[in-house]
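*Asks:* Okay, here's the structure, questions in a sec.
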Amino acid sequence: MSDLLAKLNTEQLQAVTLPPQHALILAGAGSGKTRVLTTRIAWLLSTGQCDPAAILAVTFTNKAAKEMHARLGALLPINTRGMWIGTFHGLCNRLLRAHHRDAGLPQLFQILDSADQLAAIKRLLKALNVDDEKFPPRELQHFINAQKEAGLRPAAVDVWDDYSRRRVELYQEYETQCQRESVVDFAELLLRTFELLERNEPVRRHYQRRFRHILVDEFQDTNRLQYRWLKLLAGGEPPACLFCVGDDDQSIYRFRGAEVGNMRDFEREFQVTGVIRLEQNYRSHGNILDAANAIIRNNSARLGKNLWTEAGAGEPIRIFEAFSDSDEARWVVDEIQQLVRDGALRADIALLYRSNAQSRVLEHALFSAGIPYRVYGGLRFFERQEIKHALAYLRLIANPDDDTAFARVVNFPTRGIGARSIEALQDAARTWSTSLYATVPHLGGKPGTVLAQFVRLIEELRRETARLPLPELVDHVLDRSTLRDHYKSEKEGRERLENLDELIAAAANFTAEAQAGAEALAADHALLADFLAHASLEAGEHQADQGMDAVQLMTVHAAKGLEFDAVFVSGLEEGLFPHENSILESEGLEEERRLMYVAVTRARQRLYLSFAQSRMLHGQTRCNLRSRFLEEIPAPLARWLTPPKPRGGPGGGYYEPPRGAFAPRAQPAAAQALPGGLRVGQLVRHARFGTGVIIAAEGSGSDARVQINFGDAGIKWLLLGVAKLEACA
């Protein structure tokens, strides 16, 4: 027993050796929560307080469950197979298998993953002749899952108009289809188990008597139904002991239904007498923790704790202000190269960002410098589905005989071209030894008719874009191909739309780099071919293998639970981090601050924070204020690598521009001449945005750009060398 408890600090020991009672353990980042959970189980078993079969431990990932099993095996000499340790979904599956008849399921029911569920919904809509533009499959999928996670069957869902009524009817049709096919989705696993326990008293009492100790990891990430599920299992006579470990300061999954308020509700409803705070951190140096504490202290709805360490203050936090996002990326690469020269492993260096679209400029800088990198928990920019779809359209414009590109988008977004039509086209192409595109005019019947419409679209795109600058060409293709409209219909399509807009930024940067190496550029498809080659090279090279020493790129959300020697957090600007969608709502801003807290506490030794005065993002150049989170870091903890400038907006406070409009920086005088004889205050015309007034300008030569108020089309920054503006009389 002394060996089991020897390495615990005072608070950890207190948590592990609590008497049988409900407990809430506030475990700060890097404070050893997994050790506390596993040692608590080992202590309960070693002291004879319960048998392994009386233990139920809930984790949020299979990896965490396996790690818990492995640690218990190393701590205990006894067989622990009787314990139930797993994720919510895994434990519900186990329970439903044992009581499938009571749950109204066949013994061999199958589980639909997210992709299978979406395919089942699409099949349902097709069978019912439902317009999938009015009821997009992915949006319907999110609606169904949200109702289930709220514990609502179709009959209990509120209806307020014809649209909501039809959506509820489709939910019911989907349930009927799943029951008929003996399948359940992930949300159904939890809801069906909850309903079984709630309605079947013998089954409920059996498990309430069996599980005397219920331990929950990452309690801050539970949703409402999961919390109700736990309360139901713990509600026997006498009640089981709930031992919940979590950190309300790291609750960052509200968009998935996580309810941080469950922690406060648990403390109140179960009359938890003492909340134990694990505040000693074993990961980071003191300056990093002090910064994290200072940032999160600005949140009001928190239970409160203060991280500290015995490791010493360590190095100051480095803060860098760049002129542009490209400059920021170059600085990051320079710092990484210096760290590697000093002996750091690239795998111990992480680049974090708020939005996936930000990775593109960082990837380009790493690629150009020949630094291997890996995008953790996601795809590299040019490998993402929506980008590959857009590139396929661009490839067909450059080369209509590209069969791979043709096959990828001939029916994406869907345009009624079925598998049989494609098969007929492929057979004909093999017979005549021609490309799919060239074969279409020779194909008769209905297949020939529907495929000819797609060919006409590509021909029109080739004509319409022949004289457009590359960024405008890409923009035009995204609209005319209906890729934008397709992703707008998805509930979670915003990130894909951001990536599509970032492709325009990539085209603009590529054009600028090409201009720097040539006197003039032709506005034709030759530059497009070069851009496509560039995209293919970036997608294909510097791909790091799993075990390769490579820099790690990821969103802050993906970084939760990880740690690195050196961490770079880029894009710390108002509207980006914190994100513009969250700034105007208190709960959203508090979650953004928790996200910043997570980002900061990933660093063990060195933390780099950076922002740019201007950033090309979502197809526009944005000029934002630096993030309020930088202002919340006490000055003695930070070392500014560039002199800090006064921050503020109108009235000296935060300037929160409406979407599409951004705070202008200091500009040249109105009389200053711009390339092409333009000037601030002049009326100009743009091929896509219409007529507008130049309200600001900056840069010179190939870097010259102007800010134009286009009225209804918004305020936009445009590169003069690319935009082809016409002066109005």
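Going by the structure tokens order, chains are called A, B, ..., each with residues numbered from 1, while ligands are numbered from 1 in the order shown.
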Report the residues of region 61-100 of chain A whose backbone DSSP state falls under helix (DSSP H, G or I), written as a VMD selection string.
*Replies:* chain A and resid 62 to 75 88 to 98
*Asks:* Taking the backbone alone, and naming residues the way the document does, which bits of region 47-226 of chain A are strand (DSSP E or B) by DSSP, as an NGL selection string?
*Replies:* :A and (55-59 or 84-87 or 110-112 or 183-185 or 213-216)
*Asks:* Give the answer as one residue: which of A:Leu140, A:Val693, A:Leu674, A:Leu24 has the shortest atom-to-atom distance to Arg705 (chain A), using only C-alpha atoms?
*Replies:*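 For Arg705 (chain A), the nearest of the given residues is A:Leu674.
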*Asks:* So how many Å separate CA of Gly448 (chain A) and CA of Thr414 (chain A), to one decimal?
*Replies:*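 If I compute the distance from CA of Gly448 (chain A) to CA of Thr414 (chain A), I get 16.5 Å.
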*Asks:* Would you kindly return, as a CSV table (one decimal) with C-alpha atoms, in the first residue's frame, each protein, DNA or RNA residue with an atom no farther than 6 Å from any atom of region 256-260 of chain A, considering only C-alpha atoms and excluding same-chain residues fewer than 4 positions away?
*Replies:*
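part.csv was written with the following content:
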chain,number,residue,atom,x,y,z
A,220,GLN,CA,-16.5,18.6,-18.2
A,221,ASP,CA,-17.1,17.0,-21.7
A,222,THR,CA,-20.3,15.2,-20.8
A,223,ASN,CA,-23.6,16.2,-22.4
*Asks:* So what do you get for CA of Pro137 (chain A) versus CA of Ser489 (chain A), distance-wise?
*Replies:*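 Between CA of Pro137 (chain A) and CA of Ser489 (chain A) the gap is 9.1 Å.
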*Asks:* Could you give me, as a Markdown table, every region 374-397 of chain A residue with an atom at most 12 Å from region 506-516 of chain A, plus its closest atom pair and distance in Å to one decimal, counting only C-alpha atoms, rows ordered by chain then number?
*Replies:*
| residue | atom | partner | partner_atom | distance |
| --- | --- | --- | --- | --- |
| A:Phe381 | CA | A:Ala506 | CA | 10.4 |
| A:Phe382 | CA | A:Ala506 | CA | 10.3 |
| A:Ile387 | CA | A:Ala506 | CA | 11.2 |
| A:Leu391 | CA | A:Ala507 | CA | 11.4 |
| A:Leu394 | CA | A:Ala507 | CA | 11.6 |
*Asks:* Would you mind exporting the chosen residues as an mmCIF file, in the first residue's frame, restricted to all heavy atoms?
*Replies:*
data_model
loop_
_atom_site.group_PDB
_atom_site.id
_atom_site.type_symbol
_atom_site.label_atom_id
_atom_site.label_comp_id
_atom_site.auth_asym_id
_atom_site.auth_seq_id
_atom_site.Cartn_x
_atom_site.Cartn_y
_atom_site.Cartn_z
ATOM 1 N N PHE A 381 -3.584 20.789 -46.101
ATOM 2 C CA PHE A 381 -4.520 21.688 -46.783
ATOM 3 C C PHE A 381 -4.936 21.160 -48.151
ATOM 4 O O PHE A 381 -6.131 21.070 -48.461
ATOM 5 C CB PHE A 381 -3.902 23.082 -46.922
ATOM 6 C CG PHE A 381 -4.824 24.067 -47.592
ATOM 7 C CD1 PHE A 381 -5.878 24.634 -46.895
ATOM 8 C CD2 PHE A 381 -4.661 24.396 -48.931
ATOM 9 C CE1 PHE A 381 -6.753 25.522 -47.508
ATOM 10 C CE2 PHE A 381 -5.522 25.278 -49.554
ATOM 11 C CZ PHE A 381 -6.571 25.847 -48.842
ATOM 12 N N PHE A 382 -3.970 20.829 -48.994
ATOM 13 C CA PHE A 382 -4.300 20.427 -50.358
ATOM 14 C C PHE A 382 -4.836 18.997 -50.449
ATOM 15 O O PHE A 382 -5.145 18.520 -51.540
ATOM 16 C CB PHE A 382 -3.085 20.593 -51.275
ATOM 17 C CG PHE A 382 -2.797 22.028 -51.624
ATOM 18 C CD1 PHE A 382 -1.666 22.668 -51.135
ATOM 19 C CD2 PHE A 382 -3.670 22.749 -52.424
ATOM 20 C CE1 PHE A 382 -1.409 23.988 -51.450
ATOM 21 C CE2 PHE A 382 -3.424 24.075 -52.735
ATOM 22 C CZ PHE A 382 -2.289 24.698 -52.249
ATOM 23 N N ILE A 387 -11.025 20.938 -50.994
ATOM 24 C CA ILE A 387 -9.952 21.495 -51.815
ATOM 25 C C ILE A 387 -9.699 20.599 -53.021
ATOM 26 O O ILE A 387 -9.509 21.080 -54.150
ATOM 27 C CB ILE A 387 -8.664 21.666 -50.981
ATOM 28 C CG1 ILE A 387 -8.910 22.661 -49.835
ATOM 29 C CG2 ILE A 387 -7.507 22.130 -51.860
ATOM 30 C CD1 ILE A 387 -9.361 24.029 -50.277
ATOM 31 N N LEU A 391 -9.930 21.731 -56.850
ATOM 32 C CA LEU A 391 -8.788 21.540 -57.747
ATOM 33 C C LEU A 391 -9.165 20.685 -58.946
ATOM 34 O O LEU A 391 -8.636 20.869 -60.052
ATOM 35 C CB LEU A 391 -7.623 20.899 -56.988
ATOM 36 C CG LEU A 391 -6.940 21.778 -55.934
ATOM 37 C CD1 LEU A 391 -5.889 20.982 -55.173
ATOM 38 C CD2 LEU A 391 -6.307 23.007 -56.586
ATOM 39 N N LEU A 394 -10.617 22.924 -61.472
ATOM 40 C CA LEU A 394 -9.542 23.724 -62.059
ATOM 41 C C LEU A 394 -8.699 22.884 -63.020
ATOM 42 O O LEU A 394 -8.265 23.372 -64.072
ATOM 43 C CB LEU A 394 -8.665 24.307 -60.950
ATOM 44 C CG LEU A 394 -9.351 25.296 -60.000
ATOM 45 C CD1 LEU A 394 -8.429 25.667 -58.848
ATOM 46 C CD2 LEU A 394 -9.795 26.545 -60.753
#
*Asks:* Name the residues in contact with region 619-632 of chain A at a cut-off of 6 Å, using only C-alpha atoms, excluding same-chain residues fewer than 3 positions from it; report them as a PyMOL selection string.
*Replies:* chain A and resi 295+501-502+504-505+572-574+613-616+662-663+717
*Asks:* List the spatial neighbours of region 117-127 of chain A as a ChimeraX atom specification - criterion: any atom at most 8 Å away, only C-alpha atoms, same-chain residues fewer than 4 positions off excluded.
*Replies:* /A:112-113,131-132,137-138,140-141,173-174,177,185
*Asks:* Now that the selection is made, can you save its residues with N, CA and C atoms as a compact mmCIF listing (two decimals), in the first residue's frame?
*Replies:*
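What landed in part23.txt:
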# COMPACT_ATOMS: atom_id res chain seq x y z
N LEU A 112 -24.03 1.82 -36.69
CA LEU A 112 -23.68 2.73 -37.78
C LEU A 112 -22.69 3.78 -37.27
N ASP A 113 -21.53 3.90 -37.96
CA ASP A 113 -20.67 5.03 -37.62
C ASP A 113 -21.24 6.27 -38.33
N ASP A 131 -36.66 16.31 -51.39
CA ASP A 131 -35.69 17.24 -51.97
C ASP A 131 -34.52 17.41 -51.01
N ASP A 132 -33.33 16.91 -51.41
CA ASP A 132 -32.19 16.98 -50.50
C ASP A 132 -31.54 18.36 -50.46
N PRO A 137 -28.93 16.22 -46.27
CA PRO A 137 -28.72 15.01 -45.45
C PRO A 137 -27.87 15.26 -44.20
N ARG A 138 -26.77 16.00 -44.36
CA ARG A 138 -25.90 16.21 -43.20
C ARG A 138 -26.59 17.06 -42.13
N LEU A 140 -29.82 17.16 -41.61
CA LEU A 140 -30.82 16.28 -40.99
C LEU A 140 -30.14 15.33 -40.00
N GLN A 141 -28.95 14.86 -40.35
CA GLN A 141 -28.19 13.99 -39.45
C GLN A 141 -27.90 14.70 -38.13
N GLU A 173 -39.29 8.55 -39.71
CA GLU A 173 -39.04 7.61 -40.81
C GLU A 173 -37.65 6.98 -40.68
N TYR A 174 -36.69 7.78 -40.26
CA TYR A 174 -35.33 7.26 -40.05
C TYR A 174 -35.32 6.23 -38.94
N GLN A 177 -36.75 3.03 -40.24
CA GLN A 177 -35.80 2.36 -41.13
C GLN A 177 -34.72 1.64 -40.32
N ASP A 185 -27.35 3.97 -34.43
CA ASP A 185 -26.25 4.92 -34.56
C ASP A 185 -25.66 5.20 -33.18
*Asks:* What does the distance from CA of Leu436 (chain A) to CA of His476 (chain A) come to in Å, to one decimal?
*Replies:* 24.1 Å
*Asks:* Got a sec: who's within 9 Å of Val275 (chain A), counting only C-alpha atoms, leaving out chain neighbours fewer than 2 positions off, as a list in words?
*Replies:* Ala23, Leu24, Ile25, Leu26, Glu267, Val272, Thr273 and Arg277 of chain A
*Asks:* Using C-alpha atoms, can you export the residues from the last selection as a PDB file, in the first residue's frame?
*Replies:*
ATOM      1  CA  ALA A  23     -16.410  13.481  -5.097  1.00  0.00           C
ATOM      2  CA  LEU A  24     -15.542  16.186  -7.630  1.00  0.00           C
ATOM      3  CA  ILE A  25     -11.855  16.423  -8.498  1.00  0.00           C
ATOM      4  CA  LEU A  26     -10.866  19.590 -10.331  1.00  0.00           C
ATOM      5  CA  GLU A 267     -21.752  19.581  -6.953  1.00  0.00           C
ATOM      6  CA  VAL A 272     -20.544  17.233  -2.763  1.00  0.00           C
ATOM      7  CA  THR A 273     -19.042  18.448   0.511  1.00  0.00           C
ATOM      8  CA  ARG A 277      -8.305  20.818  -6.585  1.00  0.00           C
TER       9      ARG A 277
END
*Asks:* I'd like the neighbourhood of Arg199 (chain A) as a PyMOL selection string, where a residue qualifies if any of its atoms comes within 10 Å (using only C-alpha atoms), though same-chain residues fewer than 4 positions away should be ignored.
*Replies:* chain A and resi 102-103+194-195+203-204
